[in-house]
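Student: input-v5.cif (mmCIF, C-alpha atoms; chains and numbers go by the auth columns) pasted underneath:
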data_target
#
loop_
_atom_site.group_PDB
_atom_site.id
_atom_site.type_symbol
_atom_site.label_atom_id
_atom_site.label_comp_id
_atom_site.label_asym_id
_atom_site.label_seq_id
_atom_site.Cartn_x
_atom_site.Cartn_y
_atom_site.Cartn_z
_atom_site.B_iso_or_equiv
_atom_site.auth_seq_id
_atom_site.auth_asym_id
ATOM 1 C CA MET A 1 0.000 0.000 0.000 0.00 3 A
ATOM 2 C CA ASN A 2 2.829 2.257 0.714 0.00 4 A
ATOM 3 C CA ARG A 3 3.984 1.688 -2.774 0.00 5 A
ATOM 4 C CA SER A 4 0.618 2.501 -4.258 0.00 6 A
ATOM 5 C CA LEU A 5 0.353 5.575 -2.138 0.00 7 A
ATOM 6 C CA THR A 6 3.701 6.722 -3.383 0.00 8 A
ATOM 7 C CA ARG A 7 2.636 6.176 -6.940 0.00 9 A
ATOM 8 C CA VAL A 8 -0.596 8.038 -6.445 0.00 10 A
ATOM 9 C CA SER A 9 1.165 10.908 -4.745 0.00 11 A
ATOM 10 C CA LEU A 10 3.748 10.959 -7.521 0.00 12 A
ATOM 11 C CA VAL A 11 1.077 11.081 -10.208 0.00 13 A
ATOM 12 C CA LEU A 12 -0.757 13.732 -8.280 0.00 14 A
ATOM 13 C CA MET A 13 2.385 15.798 -7.965 0.00 15 A
ATOM 14 C CA LEU A 14 3.061 15.483 -11.659 0.00 16 A
ATOM 15 C CA VAL A 15 -0.456 16.618 -12.472 0.00 17 A
ATOM 16 C CA LEU A 16 -0.106 19.541 -10.117 0.00 18 A
ATOM 17 C CA LEU A 17 3.269 20.459 -11.519 0.00 19 A
ATOM 18 C CA SER A 18 2.032 20.276 -15.072 0.00 20 A
ATOM 19 C CA ALA A 19 -0.902 22.508 -14.153 0.00 21 A
ATOM 20 C CA CYS A 20 1.406 24.975 -12.487 0.00 22 A
ATOM 21 C CA THR A 21 3.765 25.253 -15.382 0.00 23 A
ATOM 22 C CA ALA A 22 3.135 28.397 -17.379 0.00 24 A
ATOM 23 C CA ALA A 23 1.313 28.176 -20.653 0.00 25 A
ATOM 24 C CA PRO A 24 3.592 28.854 -23.589 0.00 26 A
ATOM 25 C CA LYS A 25 4.108 32.576 -24.095 0.00 27 A
ATOM 26 C CA LYS A 26 2.360 34.137 -27.027 0.00 28 A
ATOM 27 C CA ASP A 27 4.642 35.998 -29.374 0.00 29 A
ATOM 28 C CA LEU A 28 2.836 39.339 -29.642 0.00 30 A
ATOM 29 C CA ALA A 29 5.185 40.667 -32.328 0.00 31 A
ATOM 30 C CA LEU A 30 4.534 37.597 -34.468 0.00 32 A
ATOM 31 C CA GLU A 31 0.767 37.960 -34.002 0.00 33 A
ATOM 32 C CA ARG A 32 0.944 41.652 -34.917 0.00 34 A
ATOM 33 C CA VAL A 33 2.886 40.848 -38.095 0.00 35 A
ATOM 34 C CA ARG A 34 0.406 38.057 -38.930 0.00 36 A
ATOM 35 C CA ASP A 35 -2.480 40.551 -38.481 0.00 37 A
ATOM 36 C CA GLU A 36 -0.745 43.074 -40.756 0.00 38 A
ATOM 37 C CA LEU A 37 -0.343 40.434 -43.459 0.00 39 A
ATOM 38 C CA ASP A 38 -3.966 39.342 -43.097 0.00 40 A
ATOM 39 C CA ASN A 39 -5.101 42.979 -43.317 0.00 41 A
ATOM 40 C CA LEU A 40 -3.045 43.521 -46.456 0.00 42 A
ATOM 41 C CA LYS A 41 -4.355 40.338 -48.064 0.00 43 A
ATOM 42 C CA SER A 42 -7.959 41.235 -47.224 0.00 44 A
ATOM 43 C CA ASN A 43 -7.626 44.808 -48.534 0.00 45 A
ATOM 44 C CA GLN A 44 -9.460 44.562 -51.860 0.00 46 A
ATOM 45 C CA GLU A 45 -7.891 47.759 -53.168 0.00 47 A
ATOM 46 C CA LEU A 46 -4.279 46.667 -52.637 0.00 48 A
ATOM 47 C CA ALA A 47 -4.183 42.852 -52.597 0.00 49 A
ATOM 48 C CA GLY A 48 -3.978 42.369 -56.354 0.00 50 A
ATOM 49 C CA TYR A 49 -1.316 44.984 -57.074 0.00 51 A
ATOM 50 C CA ALA A 50 1.835 43.283 -55.704 0.00 52 A
ATOM 51 C CA PRO A 51 1.283 39.515 -55.607 0.00 53 A
ATOM 52 C CA LEU A 52 5.011 38.643 -55.734 0.00 54 A
ATOM 53 C CA ALA A 53 5.928 40.902 -52.829 0.00 55 A
ATOM 54 C CA LEU A 54 2.910 39.604 -50.911 0.00 56 A
ATOM 55 C CA GLY A 55 4.097 36.021 -51.501 0.00 57 A
ATOM 56 C CA GLU A 56 7.585 36.906 -50.265 0.00 58 A
ATOM 57 C CA ALA A 57 6.087 38.472 -47.139 0.00 59 A
ATOM 58 C CA GLU A 58 4.007 35.363 -46.518 0.00 60 A
ATOM 59 C CA ARG A 59 7.064 33.092 -46.898 0.00 61 A
ATOM 60 C CA ALA A 60 9.074 35.293 -44.499 0.00 62 A
ATOM 61 C CA LEU A 61 6.246 35.124 -41.951 0.00 63 A
ATOM 62 C CA ARG A 62 6.008 31.327 -42.231 0.00 64 A
ATOM 63 C CA LYS A 63 9.775 31.094 -41.726 0.00 65 A
ATOM 64 C CA ALA A 64 9.475 33.226 -38.578 0.00 66 A
ATOM 65 C CA GLU A 65 6.573 31.119 -37.286 0.00 67 A
ATOM 66 C CA MET A 66 8.521 27.880 -37.814 0.00 68 A
ATOM 67 C CA ALA A 67 11.748 29.131 -36.261 0.00 69 A
ATOM 68 C CA THR A 68 12.716 27.506 -32.994 0.00 70 A
ATOM 69 C CA GLY A 69 15.586 27.918 -30.660 0.00 71 A
ATOM 70 C CA ASP A 70 17.457 31.210 -30.585 0.00 72 A
ATOM 71 C CA ASP A 71 15.097 34.062 -29.584 0.00 73 A
ATOM 72 C CA LEU A 72 17.329 36.668 -31.196 0.00 74 A
ATOM 73 C CA TYR A 73 17.205 34.876 -34.551 0.00 75 A
ATOM 74 C CA ARG A 74 13.439 34.437 -34.258 0.00 76 A
ATOM 75 C CA THR A 75 13.048 38.165 -33.474 0.00 77 A
ATOM 76 C CA TYR A 76 15.161 38.925 -36.529 0.00 78 A
ATOM 77 C CA LEU A 77 12.891 36.727 -38.696 0.00 79 A
ATOM 78 C CA VAL A 78 9.761 38.442 -37.322 0.00 80 A
ATOM 79 C CA TYR A 79 11.364 41.806 -38.073 0.00 81 A
ATOM 80 C CA MET A 80 12.216 40.704 -41.630 0.00 82 A
ATOM 81 C CA ALA A 81 8.665 39.401 -42.132 0.00 83 A
ATOM 82 C CA ASP A 82 7.353 42.791 -40.972 0.00 84 A
ATOM 83 C CA ARG A 83 9.687 44.585 -43.404 0.00 85 A
ATOM 84 C CA ARG A 84 8.529 42.305 -46.257 0.00 86 A
ATOM 85 C CA ILE A 85 4.906 43.125 -45.453 0.00 87 A
ATOM 86 C CA GLN A 86 5.698 46.849 -45.438 0.00 88 A
ATOM 87 C CA ILE A 87 7.508 46.456 -48.772 0.00 89 A
ATOM 88 C CA ALA A 88 4.527 44.573 -50.220 0.00 90 A
ATOM 89 C CA ARG A 89 2.133 47.289 -48.989 0.00 91 A
ATOM 90 C CA THR A 90 4.341 50.043 -50.421 0.00 92 A
ATOM 91 C CA LEU A 91 4.690 48.282 -53.770 0.00 93 A
ATOM 92 C CA ALA A 92 0.932 47.678 -53.929 0.00 94 A
ATOM 93 C CA GLU A 93 0.209 51.330 -53.127 0.00 95 A
ATOM 94 C CA ARG A 94 2.765 52.458 -55.691 0.00 96 A
ATOM 95 C CA GLU A 95 1.202 50.256 -58.367 0.00 97 A
ATOM 96 C CA GLN A 96 -2.265 51.489 -57.424 0.00 98 A
ATOM 97 C CA TYR A 97 -1.122 55.127 -57.631 0.00 99 A
ATOM 98 C CA GLU A 98 0.599 54.486 -60.964 0.00 100 A
ATOM 99 C CA GLN A 99 -2.642 53.090 -62.361 0.00 101 A
ATOM 100 C CA ILE A 100 -4.535 56.099 -61.014 0.00 102 A
ATOM 101 C CA LEU A 101 -1.900 58.383 -62.550 0.00 103 A
ATOM 102 C CA ASP A 102 -2.171 56.567 -65.896 0.00 104 A
ATOM 103 C CA GLN A 103 -5.947 56.990 -65.807 0.00 105 A
ATOM 104 C CA LEU A 104 -5.617 60.662 -64.927 0.00 106 A
ATOM 105 C CA GLU A 105 -3.114 61.189 -67.753 0.00 107 A
ATOM 106 C CA GLU A 106 -5.480 59.441 -70.152 0.00 108 A
ATOM 107 C CA ASP A 107 -8.345 61.637 -68.939 0.00 109 A
ATOM 108 C CA ARG A 108 -6.144 64.722 -69.330 0.00 110 A
ATOM 109 C CA SER A 109 -5.225 63.717 -72.885 0.00 111 A
ATOM 110 C CA THR A 110 -8.887 63.161 -73.686 0.00 112 A
ATOM 111 C CA MET A 111 -9.745 66.582 -72.272 0.00 113 A
ATOM 112 C CA LEU A 112 -6.927 68.246 -74.230 0.00 114 A
ATOM 113 C CA ILE A 113 -8.140 66.605 -77.437 0.00 115 A
ATOM 114 C CA LYS A 114 -11.706 67.718 -76.675 0.00 116 A
ATOM 115 C CA ALA A 115 -10.474 71.244 -75.919 0.00 117 A
ATOM 116 C CA SER A 116 -8.553 71.303 -79.216 0.00 118 A
ATOM 117 C CA GLN A 117 -11.639 70.111 -81.063 0.00 119 A
ATOM 118 C CA LEU A 118 -13.750 72.781 -79.383 0.00 120 A
ATOM 119 C CA GLU A 119 -11.165 75.448 -80.224 0.00 121 A
ATOM 120 C CA ALA A 120 -11.078 74.288 -83.849 0.00 122 A
ATOM 121 C CA GLU A 121 -14.879 74.336 -83.996 0.00 123 A
ATOM 122 C CA HIS A 122 -14.907 77.798 -82.442 0.00 124 A
ATOM 123 C CA ALA A 123 -12.305 79.030 -84.951 0.00 125 A
ATOM 124 C CA ARG A 124 -14.308 77.516 -87.809 0.00 126 A
ATOM 125 C CA MET A 125 -17.442 79.270 -86.587 0.00 127 A
ATOM 126 C CA GLU A 126 -15.558 82.563 -86.257 0.00 128 A
ATOM 127 C CA ALA A 127 -14.191 82.161 -89.789 0.00 129 A
ATOM 128 C CA GLU A 128 -17.692 81.420 -91.093 0.00 130 A
ATOM 129 C CA ARG A 129 -19.043 84.466 -89.234 0.00 131 A
ATOM 130 C CA ALA A 130 -16.260 86.626 -90.725 0.00 132 A
ATOM 131 C CA ARG A 131 -16.937 85.201 -94.203 0.00 133 A
ATOM 132 C CA LEU A 132 -20.636 86.019 -93.842 0.00 134 A
ATOM 133 C CA LEU A 133 -19.762 89.502 -92.600 0.00 135 A
ATOM 134 C CA VAL A 134 -17.463 90.044 -95.584 0.00 136 A
ATOM 135 C CA ALA A 135 -20.140 88.699 -97.942 0.00 137 A
ATOM 136 C CA THR A 136 -22.768 90.950 -96.358 0.00 138 A
ATOM 137 C CA THR A 137 -20.421 93.918 -96.493 0.00 139 A
ATOM 138 C CA SER A 138 -19.577 93.140 -100.111 0.00 140 A
ATOM 139 C CA GLU A 139 -23.266 92.884 -100.989 0.00 141 A
ATOM 140 C CA GLU A 140 -23.970 96.168 -99.231 0.00 142 A
ATOM 141 C CA ALA A 141 -21.020 97.814 -100.984 0.00 143 A
ATOM 142 C CA GLU A 142 -22.216 96.451 -104.350 0.00 144 A
ATOM 143 C CA ARG A 143 -25.760 97.670 -103.629 0.00 145 A
ATOM 144 C CA ALA A 144 -24.436 101.089 -102.591 0.00 146 A
ATOM 145 C CA LYS A 145 -22.309 101.217 -105.763 0.00 147 A
ATOM 146 C CA GLN A 146 -25.330 100.310 -107.892 0.00 148 A
ATOM 147 C CA GLU A 147 -27.466 102.914 -106.094 0.00 149 A
ATOM 148 C CA ARG A 148 -24.726 105.527 -106.601 0.00 150 A
ATOM 149 C CA GLU A 149 -24.436 104.618 -110.275 0.00 151 A
ATOM 150 C CA ALA A 150 -28.241 104.764 -110.615 0.00 152 A
ATOM 151 C CA ALA A 151 -28.276 108.138 -108.859 0.00 153 A
ATOM 152 C CA GLN A 152 -25.474 109.395 -111.108 0.00 154 A
ATOM 153 C CA LYS A 153 -27.353 108.108 -114.140 0.00 155 A
ATOM 154 C CA LYS A 154 -30.554 109.837 -112.980 0.00 156 A
ATOM 155 C CA GLU A 155 -28.596 112.974 -112.274 0.00 157 A
ATOM 156 C CA ALA A 156 -27.030 112.824 -115.727 0.00 158 A
ATOM 157 C CA GLU A 157 -30.469 112.212 -117.255 0.00 159 A
ATOM 158 C CA SER A 158 -31.915 115.076 -115.227 0.00 160 A
ATOM 159 C CA ALA A 159 -29.017 117.296 -116.343 0.00 161 A
ATOM 160 C CA ARG A 160 -29.639 116.290 -119.967 0.00 162 A
ATOM 161 C CA ALA A 161 -33.382 116.855 -119.554 0.00 163 A
ATOM 162 C CA ALA A 162 -32.667 120.226 -117.954 0.00 164 A
ATOM 163 C CA GLN A 163 -30.269 121.087 -120.772 0.00 165 A
ATOM 164 C CA LEU A 164 -32.833 119.976 -123.380 0.00 166 A
ATOM 165 C CA SER A 165 -35.492 122.015 -121.582 0.00 167 A
ATOM 166 C CA ALA A 166 -33.140 124.969 -121.525 0.00 168 A
ATOM 167 C CA GLU A 167 -32.377 124.495 -125.217 0.00 169 A
ATOM 168 C CA GLU A 168 -36.094 124.155 -126.036 0.00 170 A
ATOM 169 C CA ALA A 169 -36.810 127.234 -123.970 0.00 171 A
ATOM 170 C CA GLU A 170 -34.045 129.060 -125.805 0.00 172 A
ATOM 171 C CA GLN A 171 -35.445 127.900 -129.144 0.00 173 A
ATOM 172 C CA ALA A 172 -38.938 128.881 -128.064 0.00 174 A
ATOM 173 C CA ARG A 173 -37.657 132.298 -127.026 0.00 175 A
ATOM 174 C CA ARG A 174 -35.813 132.743 -130.338 0.00 176 A
ATOM 175 C CA MET A 175 -38.855 131.658 -132.206 0.00 177 A
ATOM 176 C CA ALA A 176 -40.968 134.007 -130.211 0.00 178 A
ATOM 177 C CA GLU A 177 -38.480 136.763 -130.935 0.00 179 A
ATOM 178 C CA THR A 178 -38.442 135.837 -134.576 0.00 180 A
ATOM 179 C CA ARG A 179 -42.218 135.903 -134.755 0.00 181 A
ATOM 180 C CA ALA A 180 -42.280 139.100 -132.843 0.00 182 A
ATOM 181 C CA SER A 181 -39.762 140.585 -135.279 0.00 183 A
ATOM 182 C CA GLU A 182 -41.771 139.289 -138.164 0.00 184 A
ATOM 183 C CA ALA A 183 -44.894 140.682 -136.699 0.00 185 A
ATOM 184 C CA GLU A 184 -43.250 144.042 -136.323 0.00 186 A
ATOM 185 C CA PHE A 185 -42.101 144.018 -139.887 0.00 187 A
ATOM 186 C CA ALA A 186 -45.318 142.849 -141.134 0.00 188 A
#
Go through the file and emit its structure as structure tokens.
Tutor:
Amino acid sequence: MNRSLTRVSLVLMLVLLSACTAAPKKDLALERVRDELDNLKSNQELAGYAPLALGEAERALRKAEMATGDDLYRTYLVYMADRRIQIARTLAEREQYEQILDQLEEDRSTMLIKASQLEAEHARMEAERARLLVATTSEEAERAKQEREAAQKKEAESARAAQLSAEEAEQARRMAETRASEAEFA
């Protein structure tokens, strides 16, 4: 019985000792890096822009998670995994901004083309307006010239009519004088 009691007490002590031993420490830095990677992968705007860098970050994190032994080396691997995640995020943001820039440049080019087309249309309309103004001015000048020529013609005709009237009046006066002279002699 003594032997069984010793065994029972030994088992009980082992159970108590195993319960008293501290649970394995969580590596908060590793969890933080894992969360950063998960956040980057779940970010719909950035996830597709740098898949190679994201893969490298994931491999670096797995290497850090699997590392055992030297705490300094494990800390170094966690740090490198964090750097890889930051590089992946930066590359993804850069690619996203480059695509936005490309779209903005394309929009700018489209607007410049549209502005050039509008300027050309405006210039064409101005040229048409000037052509119509010149045509109207030419028509008015031609009409004024024709009216002046008609007025000069009427004036010349009036002058001729006046001269003919004056000549007829002179002839009538001479005739009247001649008749009066004849009547005096007769």
Student: Wanna dump the segment 82-176 of chain A-segment 30-53 of chain A contacts at 12 Å for me, each residue with its shortest atom pair and the distance in Å to one decimal, counting only C-alpha atoms, ordered by chain and number, as CSV?
Tutor:
residue,atom,partner,partner_atom,distance
A:Met82,CA,A:Val35,CA,10.0
A:Ala83,CA,A:Val35,CA,7.2
A:Asp84,CA,A:Val35,CA,5.7
A:Arg85,CA,A:Val35,CA,9.4
A:Arg86,CA,A:Leu39,CA,9.5
A:Ile87,CA,A:Leu39,CA,6.2
A:Gln88,CA,A:Glu38,CA,8.8
A:Ile89,CA,A:Ala52,CA,9.5
A:Ala90,CA,A:Ala52,CA,6.2
A:Arg91,CA,A:Leu42,CA,6.9
A:Thr92,CA,A:Ala52,CA,8.9
A:Leu93,CA,A:Ala52,CA,6.1
A:Ala94,CA,A:Tyr51,CA,4.7
A:Glu95,CA,A:Leu48,CA,6.5
A:Arg96,CA,A:Tyr51,CA,8.6
A:Glu97,CA,A:Tyr51,CA,6.0
A:Gln98,CA,A:Tyr51,CA,6.6
A:Tyr99,CA,A:Tyr51,CA,10.2
A:Glu100,CA,A:Tyr51,CA,10.4
A:Gln101,CA,A:Tyr51,CA,9.8
A:Ile102,CA,A:Glu47,CA,11.9
Student: Could you jot down the atom CA of Glu142 of chain A to atom CA of Ala161 of chain A separation for me, Å, one decimal place?
Tutor: 27.7 Å
Student: Could you state the separation of atom CA of Asp73 of chain A and atom CA of Asp29 of chain A in Å, given to one decimal place?
Tutor: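 We find that atom CA of Asp73 of chain A and atom CA of Asp29 of chain A lie 10.6 Å from each other.
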Student: To one decimal in Å, tell me the separation between atom CA of Val80 of chain A and atom CA of Arg64 of chain A.
Tutor: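 Atom-to-atom, atom CA of Val80 of chain A and atom CA of Arg64 of chain A are spaced 9.4 Å apart.
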Student: Complete segment 134-155 of chain A with N, CA, C and O atoms (output as an mmCIF file, in the coordinates of the input).
Tutor:
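As written to disk, out-v7.cif reads:
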data_model
loop_
_atom_site.group_PDB
_atom_site.id
_atom_site.type_symbol
_atom_site.label_atom_id
_atom_site.label_comp_id
_atom_site.auth_asym_id
_atom_site.auth_seq_id
_atom_site.Cartn_x
_atom_site.Cartn_y
_atom_site.Cartn_z
ATOM 1 N N LEU A 134 -19.294 85.479 -93.643
ATOM 2 C CA LEU A 134 -20.636 86.019 -93.842
ATOM 3 C C LEU A 134 -20.643 87.538 -93.707
ATOM 4 O O LEU A 134 -21.335 88.229 -94.467
ATOM 5 N N LEU A 135 -19.853 88.056 -92.775
ATOM 6 C CA LEU A 135 -19.762 89.502 -92.600
ATOM 7 C C LEU A 135 -19.155 90.146 -93.847
ATOM 8 O O LEU A 135 -19.649 91.171 -94.334
ATOM 9 N N VAL A 136 -18.094 89.524 -94.371
ATOM 10 C CA VAL A 136 -17.463 90.044 -95.584
ATOM 11 C C VAL A 136 -18.453 89.968 -96.754
ATOM 12 O O VAL A 136 -18.578 90.918 -97.541
ATOM 13 N N ALA A 137 -19.164 88.851 -96.858
ATOM 14 C CA ALA A 137 -20.140 88.699 -97.942
ATOM 15 C C ALA A 137 -21.242 89.748 -97.804
ATOM 16 O O ALA A 137 -21.639 90.377 -98.803
ATOM 17 N N THR A 138 -21.728 89.947 -96.592
ATOM 18 C CA THR A 138 -22.768 90.950 -96.358
ATOM 19 C C THR A 138 -22.239 92.341 -96.673
ATOM 20 O O THR A 138 -22.906 93.142 -97.332
ATOM 21 N N THR A 139 -21.034 92.617 -96.226
ATOM 22 C CA THR A 139 -20.421 93.918 -96.493
ATOM 23 C C THR A 139 -20.209 94.110 -97.989
ATOM 24 O O THR A 139 -20.463 95.196 -98.523
ATOM 25 N N SER A 140 -19.768 93.053 -98.659
ATOM 26 C CA SER A 140 -19.577 93.140 -100.111
ATOM 27 C C SER A 140 -20.894 93.384 -100.814
ATOM 28 O O SER A 140 -20.975 94.205 -101.751
ATOM 29 N N GLU A 141 -21.946 92.688 -100.393
ATOM 30 C CA GLU A 141 -23.266 92.884 -100.989
ATOM 31 C C GLU A 141 -23.752 94.307 -100.755
ATOM 32 O O GLU A 141 -24.290 94.953 -101.673
ATOM 33 N N GLU A 142 -23.558 94.799 -99.536
ATOM 34 C CA GLU A 142 -23.970 96.168 -99.231
ATOM 35 C C GLU A 142 -23.161 97.171 -100.052
ATOM 36 O O GLU A 142 -23.707 98.162 -100.559
ATOM 37 N N ALA A 143 -21.870 96.914 -100.191
ATOM 38 C CA ALA A 143 -21.020 97.814 -100.984
ATOM 39 C C ALA A 143 -21.454 97.781 -102.450
ATOM 40 O O ALA A 143 -21.526 98.835 -103.112
ATOM 41 N N GLU A 144 -21.757 96.579 -102.959
ATOM 42 C CA GLU A 144 -22.216 96.451 -104.350
ATOM 43 C C GLU A 144 -23.556 97.167 -104.534
ATOM 44 O O GLU A 144 -23.751 97.874 -105.515
ATOM 45 N N ARG A 145 -24.457 97.001 -103.565
ATOM 46 C CA ARG A 145 -25.760 97.670 -103.629
ATOM 47 C C ARG A 145 -25.565 99.178 -103.584
ATOM 48 O O ARG A 145 -26.190 99.926 -104.344
ATOM 49 N N ALA A 146 -24.694 99.650 -102.702
ATOM 50 C CA ALA A 146 -24.436 101.089 -102.591
ATOM 51 C C ALA A 146 -23.831 101.614 -103.894
ATOM 52 O O ALA A 146 -24.186 102.704 -104.367
ATOM 53 N N LYS A 147 -22.925 100.810 -104.486
ATOM 54 C CA LYS A 147 -22.309 101.217 -105.763
ATOM 55 C C LYS A 147 -23.372 101.314 -106.854
ATOM 56 O O LYS A 147 -23.399 102.292 -107.618
ATOM 57 N N GLN A 148 -24.265 100.292 -106.884
ATOM 58 C CA GLN A 148 -25.330 100.310 -107.892
ATOM 59 C C GLN A 148 -26.272 101.487 -107.664
ATOM 60 O O GLN A 148 -26.685 102.160 -108.622
ATOM 61 N N GLU A 149 -26.595 101.771 -106.404
ATOM 62 C CA GLU A 149 -27.466 102.914 -106.094
ATOM 63 C C GLU A 149 -26.779 104.218 -106.487
ATOM 64 O O GLU A 149 -27.418 105.129 -107.024
ATOM 65 N N ARG A 150 -25.469 104.317 -106.221
ATOM 66 C CA ARG A 150 -24.726 105.527 -106.601
ATOM 67 C C ARG A 150 -24.707 105.691 -108.116
ATOM 68 O O ARG A 150 -24.937 106.784 -108.629
ATOM 69 N N GLU A 151 -24.447 104.556 -108.815
ATOM 70 C CA GLU A 151 -24.436 104.618 -110.275
ATOM 71 C C GLU A 151 -25.817 104.985 -110.803
ATOM 72 O O GLU A 151 -25.938 105.797 -111.744
ATOM 73 N N ALA A 152 -26.874 104.431 -110.186
ATOM 74 C CA ALA A 152 -28.241 104.764 -110.615
ATOM 75 C C ALA A 152 -28.524 106.235 -110.347
ATOM 76 O O ALA A 152 -29.136 106.932 -111.187
ATOM 77 N N ALA A 153 -28.064 106.724 -109.185
ATOM 78 C CA ALA A 153 -28.276 108.138 -108.859
ATOM 79 C C ALA A 153 -27.501 109.032 -109.824
ATOM 80 O O ALA A 153 -28.021 110.064 -110.288
ATOM 81 N N GLN A 154 -26.265 108.616 -110.157
ATOM 82 C CA GLN A 154 -25.474 109.395 -111.108
ATOM 83 C C GLN A 154 -26.134 109.376 -112.483
ATOM 84 O O GLN A 154 -26.162 110.407 -113.185
ATOM 85 N N LYS A 155 -26.670 108.224 -112.848
ATOM 86 C CA LYS A 155 -27.353 108.108 -114.140
ATOM 87 C C LYS A 155 -28.580 109.003 -114.163
ATOM 88 O O LYS A 155 -28.818 109.728 -115.133
#
